[in-house]
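Student: Before we start, here is the structure in question, set down as structure tokens.
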Amino acid sequence: MGEMQDMISTAPPAPPARRRGLAYWIAIALAWAVLVAVVVLLFLVERFAERHATRTATAALAQIGWQMRDQLDRGMAYRYEELRILSGLQDMQPGRVPEQRRAVLERVQQSFPLYAWIGYARRDGRVEAATGGLLEGQEVSKRPWFQGGVQGAFVGDVHPALLLEKLLPQQQEPWRFVDVAMPVRDADGGLHAVLGAHLSWEWARDLQRNLLSQAESVYQAQLFVVDAKRTVLLGPAGTEGKPLDLPAVGELRAAAGAAMRDWGDGQHYATAIVPTMGQDNYPGLGWVVVVRQAEQVAFADYHQLQREMAIGGMAVCLLAALCAPLAARRLTRPLHRLTQAVGARAAGQADPIPLQTAYREVELLSRALTDADAREARDRAELEQVNAGLEARIQERTAQISASQAQLHTITDNIPALVADVDRTLRYRFANRAYLDWFGKDPDELIGETMESLYGEAAVRLWQPELARVLQGERVQFERSMVVRGQRQHSMAIYLPYRDTQGQIDGFHALVFDTTASKELELRLENEATRDALTGLPNRRLLQRNLPAALARSERQGHSLALLFLDLNGFKAVNDTHGHEAGDELLRQVGQRLVAAVRVTDTVARLAGDEYVVLLEPVSDPLADPAAVAAKIDATIATPFVLETATVQVSVSIGSAVYQPRCGTSADELLSGADSAMYAAKRSGRKPI
């Protein structure tokens with residue numbers, strides 16, 4: 001019985017339940033950390049990419065809308081002014097025979113064939129003379145254009161042909177007109193007759209085809225022109241004459257702008273709404289230009305980026321899942337060795353505890369175990385062993401300090417940034433390995449050197465305000481840009497003041513992060529938003545932003561400047577004869593010639609179509625200098641252009657406007673004045689001034 005009790009009491013205890021080791025939990029933690037980081041990064045990148053895709057798509061459509069708006073307003077203003085001048089000609093005054101009037105009207109129609117009909121109706125409403133003799137002798141007093149012309153200058157909205165439908169040649173599309181009418185007054189100012197013109201709506205179709213030929217191939221966009229009642233005047237097949245349905249938009253003119261919109265067909269479109277404004281004396285008819293692009297087209301690059309990011313994220317997570325166990329085993333290997341050594345000591349083996357220095361915690365643990373061994377040995381040793389123990393402790397402390405310093409170097413050398421300690425004389429006391437990667441300068445050789453020896457005197461002088469502030473005890477953060485090994489590098493610098501034991505500023509700590517990638521992206525986006533995609537010249541947006549600054553410089557420095565507004569003559573014929581690619585090549589060569597014809601201080605910009613603007617800054621003679629530059633431009637444009645498919649020749653109409661200090665003219669007024677002068681030059685056919 002006693003033997004059985006002894007056997008029971010000496011039986012080994014049951015082994016504890018096996019628990020998962022530290023390596024398992026570290027692997028799980030690393031995998032989760034990578035997963036969370038990837039998800040957060042993908043979310044942030046996707047948000048940015050979506051906003052960028054929206055801005056890019058809507059901005060391109062707005063540019064198309066602005067170009068169509070300008071072409072419509074400019075074309076109508078030109079016809080309006082042309083008919084106003086025609087009504088005042090001597091041939092339209094009382095006393096002329098109908099044959100004389102008809103000959104003048106037909107010459108005007110020949111100069112612009114899209115005049116479907118021009119007629120001269122007496123005060124009683126009877127047509128006295130008309131192009132082709134159409135409707136002569138008929139009474140038109142009930143027609144809106146005649147009634148409007150009796151009251152004054154009149155512009156009528158798009159409408160189908162009534163009286164002229166059967167008289168005009170047959171065409172694929174039904175005849176539709178825009179009416180323009182002007183009163184003809186006698187010498188006493190009384191109403192003598194009404195001069196009316198039916199402008200064929202085909203000119204607007206030509207504008208749409210010319211403008212959308214490139215936009216459809218590049219952007220796959222659709223363009224609508226809508227009247228004040230929201231009826232589609234011009235649009236894709238099947239939409240003309242129908243109301244434009246935008247469920248979430250009330251008044252179109254009030255909703256002007258570019259955004260993603262629901263068109264009521266279950267799809268979203270990038271949509272630009274651009275109202276016409278009228279021009280000069282032409283008041284406008286309330287038309288609105290609407291350009292749209294399907295969401296799947298606008299966001300094609302964005303959706304491709306989504307797929308690539310998803311694949312990349314899964315690849316990173318898979319790699320992390322494969323590498324996490326290896327990293328965990330490597331991290332826990334020193335602890336595993338310590339636990340084996342402790343288990344061996346518990347089993348009675350006299351093997352020493354191995355010193356593990358892979359990282360700080362395991363080093364402290366192994367040293368604690370070693371210290372326990374040393375204390376046990378010192379209890380059994382004599383005085384000599386005590387002295388030996390003291391020496392061992394001194395050596396141990398020295399090793400700890402060395403290990404701490406080595407650890408500090410390891411940490412800073414693995415930070416992806418420049419880390420340094422600089423004294424008050426701007427000499428380096430410490431530098432991490434990043435200086436070798438950035439500048440090819442060994443960190444140890446940099447100790448004792450000055451910042452000027454590394455960056456150069458000019459750079460340190462540029463940063464002098466920030467250096468002065470940090471040496472006064474202020475934390476400083478600023479952006480830097482410099483050339484490193486032949487490459488432009490952008491960085492963010494953070495200077496932290498360092499105080500000695502007496503509280504005095506002894507120097508500062510410097511942390512510098514490379515921001516080149518993000519800065520270059522920012523600069524590239526800015527350049528794309530302000531440069532004309534075809535010619536590379538500044539676009540309308542950049543001109544409108546820089547012109548007020550030029551006026552401010554004129555006021556501040558007391559010099560004059562001039563603005564030249566240029567429009568090519570014969571460009572449409574090049575497009576129609578040789579194709580739009582030849583027209584694009586012509587526009588690029590025109591831009592190159594304009595840049596070569598002016599000074600470096602002058603600015604050449606392309607507004608839209610075949611319109612350019614040249615800003616002359618400064619000018620010493622406000623009359624002679626713009627005229628001389630205009631003559632030089634006229635001569636260089638007159639030289640034939642050698643294109644890939646043909647050699648062509650065009651001319652240019654130029655208008656100028658001069659700004660003098662304290663004249664009170666705004667940037668918009670200056671641009672409008674140059675524009676009006678150009679149209680006056682085009683109408684008169686005179687040389688550029």
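Ligands are numbered from 1 in the order shown, chains are lettered A, B, ... in the order of the structure tokens, and residues start at 1 in each chain.
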Name all residues at most 7 Å from region 423-430 of chain A (count only C-alpha atoms; drop same-chain ones fewer than 6 positions away) and give them as number ranges by chain.
Tutor: A: 446-451, 506-508
Student: The selected residues should be written to file as a PDB file, in the first residue's frame (atoms: all heavy atoms).
Tutor:
ATOM      1  N   LEU A 446      31.320  62.603 -43.796  1.00  0.00           N
ATOM      2  CA  LEU A 446      30.569  63.851 -43.710  1.00  0.00           C
ATOM      3  C   LEU A 446      30.688  64.507 -42.340  1.00  0.00           C
ATOM      4  O   LEU A 446      30.462  65.717 -42.214  1.00  0.00           O
ATOM      5  CB  LEU A 446      29.090  63.575 -44.042  1.00  0.00           C
ATOM      6  CG  LEU A 446      28.202  64.773 -44.344  1.00  0.00           C
ATOM      7  CD1 LEU A 446      28.732  65.543 -45.545  1.00  0.00           C
ATOM      8  CD2 LEU A 446      26.773  64.303 -44.609  1.00  0.00           C
ATOM      9  N   ILE A 447      31.039  63.744 -41.296  1.00  0.00           N
ATOM     10  CA  ILE A 447      31.146  64.290 -39.940  1.00  0.00           C
ATOM     11  C   ILE A 447      32.222  65.379 -39.914  1.00  0.00           C
ATOM     12  O   ILE A 447      33.360  65.161 -40.331  1.00  0.00           O
ATOM     13  CB  ILE A 447      31.475  63.179 -38.917  1.00  0.00           C
ATOM     14  CG1 ILE A 447      30.453  62.035 -39.014  1.00  0.00           C
ATOM     15  CG2 ILE A 447      31.514  63.747 -37.512  1.00  0.00           C
ATOM     16  CD1 ILE A 447      29.040  62.471 -38.850  1.00  0.00           C
ATOM     17  N   GLY A 448      31.848  66.553 -39.410  1.00  0.00           N
ATOM     18  CA  GLY A 448      32.768  67.687 -39.350  1.00  0.00           C
ATOM     19  C   GLY A 448      32.704  68.577 -40.570  1.00  0.00           C
ATOM     20  O   GLY A 448      33.226  69.695 -40.539  1.00  0.00           O
ATOM     21  N   GLU A 449      32.086  68.103 -41.668  1.00  0.00           N
ATOM     22  CA  GLU A 449      31.942  68.936 -42.851  1.00  0.00           C
ATOM     23  C   GLU A 449      30.761  69.889 -42.677  1.00  0.00           C
ATOM     24  O   GLU A 449      29.862  69.652 -41.877  1.00  0.00           O
ATOM     25  CB  GLU A 449      31.708  68.057 -44.093  1.00  0.00           C
ATOM     26  CG  GLU A 449      32.874  67.166 -44.452  1.00  0.00           C
ATOM     27  CD  GLU A 449      34.050  67.951 -45.001  1.00  0.00           C
ATOM     28  OE1 GLU A 449      33.813  69.032 -45.569  1.00  0.00           O
ATOM     29  OE2 GLU A 449      35.192  67.499 -44.822  1.00  0.00           O
ATOM     30  N   THR A 450      30.744  70.988 -43.454  1.00  0.00           N
ATOM     31  CA  THR A 450      29.662  71.965 -43.375  1.00  0.00           C
ATOM     32  C   THR A 450      28.592  71.644 -44.414  1.00  0.00           C
ATOM     33  O   THR A 450      28.828  70.902 -45.381  1.00  0.00           O
ATOM     34  CB  THR A 450      30.185  73.391 -43.619  1.00  0.00           C
ATOM     35  OG1 THR A 450      30.702  73.458 -44.955  1.00  0.00           O
ATOM     36  CG2 THR A 450      31.282  73.733 -42.624  1.00  0.00           C
ATOM     37  N   MET A 451      27.396  72.233 -44.205  1.00  0.00           N
ATOM     38  CA  MET A 451      26.317  72.059 -45.179  1.00  0.00           C
ATOM     39  C   MET A 451      26.699  72.663 -46.527  1.00  0.00           C
ATOM     40  O   MET A 451      26.286  72.156 -47.581  1.00  0.00           O
ATOM     41  CB  MET A 451      25.031  72.708 -44.659  1.00  0.00           C
ATOM     42  CG  MET A 451      24.421  72.012 -43.449  1.00  0.00           C
ATOM     43  SD  MET A 451      22.885  72.799 -42.886  1.00  0.00           S
ATOM     44  CE  MET A 451      21.816  72.477 -44.278  1.00  0.00           C
ATOM     45  N   ASP A 506      21.883  74.270 -29.319  1.00  0.00           N
ATOM     46  CA  ASP A 506      23.202  73.745 -29.663  1.00  0.00           C
ATOM     47  C   ASP A 506      23.286  73.312 -31.126  1.00  0.00           C
ATOM     48  O   ASP A 506      24.332  72.948 -31.612  1.00  0.00           O
ATOM     49  CB  ASP A 506      23.520  72.561 -28.741  1.00  0.00           C
ATOM     50  CG  ASP A 506      24.954  72.064 -28.938  1.00  0.00           C
ATOM     51  OD1 ASP A 506      25.871  72.905 -28.983  1.00  0.00           O
ATOM     52  OD2 ASP A 506      25.125  70.841 -29.077  1.00  0.00           O
ATOM     53  N   GLY A 507      22.167  73.330 -31.822  1.00  0.00           N
ATOM     54  CA  GLY A 507      22.113  72.879 -33.209  1.00  0.00           C
ATOM     55  C   GLY A 507      20.700  72.418 -33.529  1.00  0.00           C
ATOM     56  O   GLY A 507      19.725  72.832 -32.882  1.00  0.00           O
ATOM     57  N   PHE A 508      20.575  71.535 -34.499  1.00  0.00           N
ATOM     58  CA  PHE A 508      19.254  71.037 -34.851  1.00  0.00           C
ATOM     59  C   PHE A 508      19.363  69.659 -35.508  1.00  0.00           C
ATOM     60  O   PHE A 508      20.409  69.274 -36.024  1.00  0.00           O
ATOM     61  CB  PHE A 508      18.523  72.002 -35.791  1.00  0.00           C
ATOM     62  CG  PHE A 508      19.202  72.234 -37.108  1.00  0.00           C
ATOM     63  CD1 PHE A 508      18.881  71.464 -38.229  1.00  0.00           C
ATOM     64  CD2 PHE A 508      20.172  73.213 -37.260  1.00  0.00           C
ATOM     65  CE1 PHE A 508      19.504  71.669 -39.433  1.00  0.00           C
ATOM     66  CE2 PHE A 508      20.808  73.423 -38.466  1.00  0.00           C
ATOM     67  CZ  PHE A 508      20.477  72.656 -39.544  1.00  0.00           C
TER      68      PHE A 508
END
Student: Please compute the CA of Arg475 (chain A)-CA of Leu511 (chain A) distance, one decimal, in Å.
Tutor: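 Distance reported for this atom pair: 11.6 Å.
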Student: Among region 94-256 of chain A, which residues does DSSP mark as strand (DSSP E or B) when it is run on the backbone? Keep the chain and numbering as in the structure and answer as a PyMOL selection string.
Tutor: chain A and resi 115-122+126-130+139+154-160+176-185+191-200+222-226+231-234+243
Student: For the selection you just gave me, I'd like the residues written to a file as a compact mmCIF listing (two decimals), in the first residue's frame, keeping N, CA and C atoms.
Tutor:
# COMPACT_ATOMS: atom_id res chain seq x y z
N TYR A 115 -26.38 81.71 -96.90
CA TYR A 115 -27.58 82.56 -96.97
C TYR A 115 -28.53 81.88 -97.95
N ALA A 116 -29.56 81.21 -97.45
CA ALA A 116 -30.50 80.52 -98.35
C ALA A 116 -31.34 81.52 -99.14
N TRP A 117 -31.63 82.68 -98.51
CA TRP A 117 -32.48 83.69 -99.18
C TRP A 117 -32.25 85.03 -98.52
N ILE A 118 -32.10 86.10 -99.32
CA ILE A 118 -32.03 87.47 -98.83
C ILE A 118 -33.04 88.27 -99.64
N GLY A 119 -33.92 88.99 -98.93
CA GLY A 119 -34.97 89.72 -99.63
C GLY A 119 -35.12 91.15 -99.13
N TYR A 120 -35.64 92.00 -100.03
CA TYR A 120 -35.88 93.42 -99.74
C TYR A 120 -37.38 93.64 -99.86
N ALA A 121 -38.05 93.86 -98.72
CA ALA A 121 -39.51 94.02 -98.70
C ALA A 121 -39.86 95.47 -98.39
N ARG A 122 -40.78 96.02 -99.23
CA ARG A 122 -41.18 97.41 -98.98
C ARG A 122 -41.96 97.52 -97.67
N ARG A 126 -44.52 93.94 -99.32
CA ARG A 126 -44.37 93.32 -100.62
C ARG A 126 -42.87 93.18 -100.93
N VAL A 127 -42.45 91.97 -101.32
CA VAL A 127 -41.05 91.71 -101.63
C VAL A 127 -40.73 92.35 -102.97
N GLU A 128 -39.80 93.30 -102.95
CA GLU A 128 -39.44 94.03 -104.17
C GLU A 128 -38.26 93.37 -104.89
N ALA A 129 -37.26 92.90 -104.13
CA ALA A 129 -36.08 92.27 -104.73
C ALA A 129 -35.61 91.15 -103.82
N ALA A 130 -35.15 90.05 -104.42
CA ALA A 130 -34.69 88.91 -103.62
C ALA A 130 -33.70 88.10 -104.44
N GLU A 139 -46.47 88.98 -100.71
CA GLU A 139 -46.69 89.80 -99.50
C GLU A 139 -46.26 88.99 -98.27
N PHE A 154 -33.55 92.58 -85.76
CA PHE A 154 -34.28 91.38 -85.32
C PHE A 154 -33.47 90.13 -85.65
N VAL A 155 -33.45 89.19 -84.68
CA VAL A 155 -32.86 87.86 -84.89
C VAL A 155 -33.90 86.84 -84.46
N GLY A 156 -34.26 85.93 -85.36
CA GLY A 156 -35.26 84.91 -85.05
C GLY A 156 -34.63 83.55 -84.86
N ASP A 157 -35.20 82.76 -83.96
CA ASP A 157 -34.64 81.45 -83.64
C ASP A 157 -34.86 80.48 -84.79
N VAL A 158 -34.25 79.31 -84.68
CA VAL A 158 -34.31 78.29 -85.73
C VAL A 158 -35.76 77.87 -85.97
N HIS A 159 -36.17 77.80 -87.26
CA HIS A 159 -37.54 77.39 -87.60
C HIS A 159 -37.52 76.71 -88.96
N PRO A 160 -38.50 75.88 -89.28
CA PRO A 160 -38.54 75.22 -90.59
C PRO A 160 -38.96 76.21 -91.69
N ARG A 176 -34.03 74.43 -92.68
CA ARG A 176 -34.33 75.17 -91.45
C ARG A 176 -33.50 76.45 -91.46
N PHE A 177 -34.09 77.54 -90.96
CA PHE A 177 -33.46 78.85 -91.06
C PHE A 177 -33.30 79.50 -89.70
N VAL A 178 -32.33 80.42 -89.64
CA VAL A 178 -32.25 81.43 -88.59
C VAL A 178 -32.45 82.76 -89.28
N ASP A 179 -33.46 83.55 -88.85
CA ASP A 179 -33.81 84.80 -89.51
C ASP A 179 -33.04 85.96 -88.92
N VAL A 180 -32.57 86.85 -89.81
CA VAL A 180 -31.97 88.12 -89.40
C VAL A 180 -32.63 89.20 -90.25
N ALA A 181 -33.15 90.27 -89.61
CA ALA A 181 -33.82 91.34 -90.33
C ALA A 181 -33.37 92.69 -89.80
N MET A 182 -33.26 93.67 -90.72
CA MET A 182 -32.84 95.02 -90.37
C MET A 182 -33.75 96.02 -91.07
N PRO A 183 -34.14 97.11 -90.38
CA PRO A 183 -34.94 98.14 -91.04
C PRO A 183 -34.06 98.97 -91.98
N VAL A 184 -34.63 99.39 -93.11
CA VAL A 184 -33.96 100.30 -94.03
C VAL A 184 -34.68 101.64 -93.93
N ARG A 185 -33.95 102.65 -93.52
CA ARG A 185 -34.56 103.95 -93.26
C ARG A 185 -34.17 104.95 -94.34
N LEU A 191 -39.10 104.64 -91.66
CA LEU A 191 -38.99 103.28 -92.17
C LEU A 191 -39.34 103.26 -93.65
N HIS A 192 -38.41 102.77 -94.48
CA HIS A 192 -38.65 102.67 -95.91
C HIS A 192 -38.89 101.22 -96.34
N ALA A 193 -38.14 100.29 -95.76
CA ALA A 193 -38.25 98.88 -96.14
C ALA A 193 -37.64 98.03 -95.03
N VAL A 194 -37.76 96.72 -95.20
CA VAL A 194 -37.15 95.77 -94.27
C VAL A 194 -36.27 94.82 -95.09
N LEU A 195 -35.01 94.69 -94.68
CA LEU A 195 -34.07 93.78 -95.32
C LEU A 195 -34.00 92.50 -94.48
N GLY A 196 -34.39 91.37 -95.04
CA GLY A 196 -34.42 90.11 -94.28
C GLY A 196 -33.56 89.05 -94.93
N ALA A 197 -33.02 88.16 -94.11
CA ALA A 197 -32.17 87.07 -94.61
C ALA A 197 -32.52 85.79 -93.86
N HIS A 198 -32.58 84.69 -94.62
CA HIS A 198 -32.76 83.35 -94.03
C HIS A 198 -31.40 82.66 -94.08
N LEU A 199 -30.78 82.49 -92.92
CA LEU A 199 -29.48 81.81 -92.82
C LEU A 199 -29.71 80.31 -92.64
N SER A 200 -29.20 79.51 -93.57
CA SER A 200 -29.41 78.06 -93.49
C SER A 200 -28.75 77.49 -92.24
N GLN A 222 -20.73 63.36 -77.57
CA GLN A 222 -21.88 63.79 -78.33
C GLN A 222 -22.17 65.25 -77.98
N LEU A 223 -22.60 66.04 -79.01
CA LEU A 223 -22.81 67.47 -78.81
C LEU A 223 -24.24 67.83 -79.17
N PHE A 224 -24.89 68.66 -78.33
CA PHE A 224 -26.24 69.14 -78.55
C PHE A 224 -26.22 70.66 -78.52
N VAL A 225 -27.04 71.27 -79.37
CA VAL A 225 -27.33 72.70 -79.25
C VAL A 225 -28.82 72.81 -78.96
N VAL A 226 -29.16 73.48 -77.87
CA VAL A 226 -30.53 73.51 -77.36
C VAL A 226 -31.00 74.95 -77.33
N THR A 231 -35.46 72.73 -76.56
CA THR A 231 -35.63 71.86 -77.72
C THR A 231 -34.29 71.69 -78.41
N VAL A 232 -33.96 70.47 -78.83
CA VAL A 232 -32.68 70.19 -79.47
C VAL A 232 -32.71 70.74 -80.89
N LEU A 233 -31.85 71.74 -81.14
CA LEU A 233 -31.71 72.30 -82.48
C LEU A 233 -30.70 71.52 -83.31
N LEU A 234 -29.69 71.00 -82.65
CA LEU A 234 -28.60 70.31 -83.33
C LEU A 234 -28.12 69.20 -82.41
N PRO A 243 -37.35 67.51 -77.01
CA PRO A 243 -36.84 68.19 -75.79
C PRO A 243 -35.64 67.44 -75.22
Student: If you run DSSP on this backbone, which residues of region 175-381 of chain A come out as alpha helix (DSSP H), and could you give them as a PDB file with C-alpha atoms, in the first residue's frame?
Tutor:
ATOM      1  CA  GLU A 202     -26.410  73.926 -92.313  1.00  0.00           C
ATOM      2  CA  TRP A 203     -23.657  76.324 -91.184  1.00  0.00           C
ATOM      3  CA  ALA A 204     -24.230  75.126 -87.599  1.00  0.00           C
ATOM      4  CA  ARG A 205     -24.102  71.515 -88.785  1.00  0.00           C
ATOM      5  CA  ASP A 206     -20.745  72.257 -90.437  1.00  0.00           C
ATOM      6  CA  LEU A 207     -19.472  73.676 -87.137  1.00  0.00           C
ATOM      7  CA  GLN A 208     -20.634  70.535 -85.332  1.00  0.00           C
ATOM      8  CA  ARG A 209     -19.009  68.197 -87.854  1.00  0.00           C
ATOM      9  CA  ASN A 210     -15.721  70.105 -87.880  1.00  0.00           C
ATOM     10  CA  LEU A 211     -15.534  70.374 -84.084  1.00  0.00           C
ATOM     11  CA  LEU A 212     -16.598  66.807 -83.315  1.00  0.00           C
ATOM     12  CA  SER A 213     -14.488  65.072 -85.978  1.00  0.00           C
ATOM     13  CA  GLN A 214     -11.583  64.880 -83.531  1.00  0.00           C
ATOM     14  CA  ALA A 215     -13.665  64.888 -80.334  1.00  0.00           C
ATOM     15  CA  GLU A 216     -15.618  61.804 -81.434  1.00  0.00           C
ATOM     16  CA  SER A 217     -12.474  59.853 -82.301  1.00  0.00           C
ATOM     17  CA  VAL A 218     -10.634  60.833 -79.108  1.00  0.00           C
ATOM     18  CA  TYR A 219     -13.424  61.310 -76.555  1.00  0.00           C
ATOM     19  CA  GLU A 295     -19.391  57.128 -68.060  1.00  0.00           C
ATOM     20  CA  GLN A 296     -17.769  53.897 -69.267  1.00  0.00           C
ATOM     21  CA  VAL A 297     -15.737  55.894 -71.808  1.00  0.00           C
ATOM     22  CA  ALA A 298     -14.859  58.728 -69.420  1.00  0.00           C
ATOM     23  CA  ALA A 300     -12.143  53.668 -68.930  1.00  0.00           C
ATOM     24  CA  ASP A 301      -8.645  54.403 -67.636  1.00  0.00           C
ATOM     25  CA  TYR A 302      -9.968  54.590 -64.085  1.00  0.00           C
ATOM     26  CA  HIS A 303     -11.626  51.162 -64.332  1.00  0.00           C
ATOM     27  CA  GLN A 304      -8.434  49.700 -65.809  1.00  0.00           C
ATOM     28  CA  LEU A 305      -6.518  51.175 -62.866  1.00  0.00           C
ATOM     29  CA  GLN A 306      -9.044  49.559 -60.497  1.00  0.00           C
ATOM     30  CA  ARG A 307      -8.390  46.153 -62.003  1.00  0.00           C
ATOM     31  CA  GLU A 308      -4.636  46.592 -61.918  1.00  0.00           C
ATOM     32  CA  MET A 309      -4.731  47.795 -58.297  1.00  0.00           C
ATOM     33  CA  ALA A 310      -6.887  44.817 -57.297  1.00  0.00           C
ATOM     34  CA  ILE A 311      -4.462  42.397 -58.944  1.00  0.00           C
ATOM     35  CA  GLY A 312      -1.486  44.175 -57.399  1.00  0.00           C
ATOM     36  CA  GLY A 313      -3.123  44.221 -53.964  1.00  0.00           C
ATOM     37  CA  MET A 314      -3.869  40.494 -54.113  1.00  0.00           C
ATOM     38  CA  ALA A 315      -0.299  39.825 -55.222  1.00  0.00           C
ATOM     39  CA  VAL A 316       1.086  41.857 -52.291  1.00  0.00           C
ATOM     40  CA  CYS A 317      -1.216  40.094 -49.803  1.00  0.00           C
ATOM     41  CA  LEU A 318      -0.252  36.683 -51.200  1.00  0.00           C
ATOM     42  CA  LEU A 319       3.431  37.561 -50.973  1.00  0.00           C
ATOM     43  CA  ALA A 320       2.918  38.783 -47.407  1.00  0.00           C
ATOM     44  CA  ALA A 321       1.125  35.540 -46.509  1.00  0.00           C
ATOM     45  CA  LEU A 322       4.082  33.548 -47.870  1.00  0.00           C
ATOM     46  CA  CYS A 323       6.778  35.722 -46.303  1.00  0.00           C
ATOM     47  CA  ALA A 324       5.149  36.324 -42.891  1.00  0.00           C
ATOM     48  CA  PRO A 325       5.888  32.819 -41.496  1.00  0.00           C
ATOM     49  CA  LEU A 326       9.519  33.080 -42.639  1.00  0.00           C
ATOM     50  CA  ALA A 327       9.886  36.512 -41.016  1.00  0.00           C
ATOM     51  CA  ALA A 328       8.165  35.312 -37.852  1.00  0.00           C
ATOM     52  CA  ARG A 329      10.457  32.282 -37.544  1.00  0.00           C
ATOM     53  CA  ARG A 330      13.485  34.500 -38.063  1.00  0.00           C
ATOM     54  CA  LEU A 331      12.296  36.943 -35.401  1.00  0.00           C
ATOM     55  CA  THR A 332      11.516  34.226 -32.840  1.00  0.00           C
ATOM     56  CA  ARG A 333      14.619  32.111 -33.496  1.00  0.00           C
ATOM     57  CA  PRO A 334      16.641  33.824 -30.670  1.00  0.00           C
ATOM     58  CA  LEU A 335      13.773  33.285 -28.203  1.00  0.00           C
ATOM     59  CA  HIS A 336      13.542  29.644 -29.255  1.00  0.00           C
ATOM     60  CA  ARG A 337      17.243  29.187 -28.503  1.00  0.00           C
ATOM     61  CA  LEU A 338      16.799  30.808 -25.087  1.00  0.00           C
ATOM     62  CA  THR A 339      13.850  28.601 -24.229  1.00  0.00           C
ATOM     63  CA  GLN A 340      15.849  25.504 -25.264  1.00  0.00           C
ATOM     64  CA  ALA A 341      18.738  26.618 -23.034  1.00  0.00           C
ATOM     65  CA  VAL A 342      16.388  27.287 -20.085  1.00  0.00           C
ATOM     66  CA  GLY A 343      14.765  23.878 -20.589  1.00  0.00           C
ATOM     67  CA  ALA A 344      18.185  22.234 -20.615  1.00  0.00           C
ATOM     68  CA  ARG A 345      19.174  23.978 -17.344  1.00  0.00           C
ATOM     69  CA  ALA A 346      15.902  22.804 -15.792  1.00  0.00           C
ATOM     70  CA  ARG A 360      16.908  44.631 -28.024  1.00  0.00           C
ATOM     71  CA  GLU A 361      14.233  42.686 -26.145  1.00  0.00           C
ATOM     72  CA  VAL A 362      15.796  39.270 -26.647  1.00  0.00           C
ATOM     73  CA  GLU A 363      19.181  40.723 -25.788  1.00  0.00           C
ATOM     74  CA  LEU A 364      17.814  42.083 -22.513  1.00  0.00           C
ATOM     75  CA  LEU A 365      16.183  38.740 -21.738  1.00  0.00           C
ATOM     76  CA  SER A 366      19.325  36.725 -22.486  1.00  0.00           C
ATOM     77  CA  ARG A 367      21.417  39.126 -20.451  1.00  0.00           C
ATOM     78  CA  ALA A 368      18.962  38.832 -17.567  1.00  0.00           C
ATOM     79  CA  LEU A 369      19.357  35.059 -17.632  1.00  0.00           C
ATOM     80  CA  THR A 370      23.124  35.391 -17.901  1.00  0.00           C
ATOM     81  CA  ASP A 371      23.103  37.813 -14.955  1.00  0.00           C
ATOM     82  CA  ALA A 372      21.155  35.283 -12.903  1.00  0.00           C
ATOM     83  CA  ASP A 373      23.864  32.722 -13.648  1.00  0.00           C
ATOM     84  CA  ALA A 374      26.542  35.223 -12.703  1.00  0.00           C
ATOM     85  CA  ARG A 375      24.835  36.095  -9.411  1.00  0.00           C
ATOM     86  CA  GLU A 376      24.589  32.426  -8.522  1.00  0.00           C
ATOM     87  CA  ALA A 377      28.317  31.983  -9.299  1.00  0.00           C
ATOM     88  CA  ARG A 378      29.275  35.091  -7.308  1.00  0.00           C
ATOM     89  CA  ASP A 379      27.482  33.711  -4.216  1.00  0.00           C
ATOM     90  CA  ARG A 380      29.852  30.741  -4.308  1.00  0.00           C
TER      91      ARG A 380
END
Student: I'd like the neighbourhood of region 580-582 of chain A as a compact mmCIF listing (two decimals) with C-alpha atoms, in the first residue's frame, where a residue qualifies if any of its atoms comes within 8 Å (using only C-alpha atoms), though same-chain residues fewer than 3 positions away should be ignored.
Tutor:
# COMPACT_ATOMS: atom_id res chain seq x y z
CA VAL A 574 -7.28 73.44 -95.98
CA ASN A 575 -9.42 71.28 -93.67
CA ASP A 576 -12.06 70.65 -96.35
CA GLU A 585 -0.38 70.07 -88.80
CA LEU A 586 -0.98 73.57 -90.19
CA LEU A 643 2.54 69.83 -95.00
CA GLU A 644 2.85 66.06 -95.25
CA THR A 645 0.13 65.82 -97.92
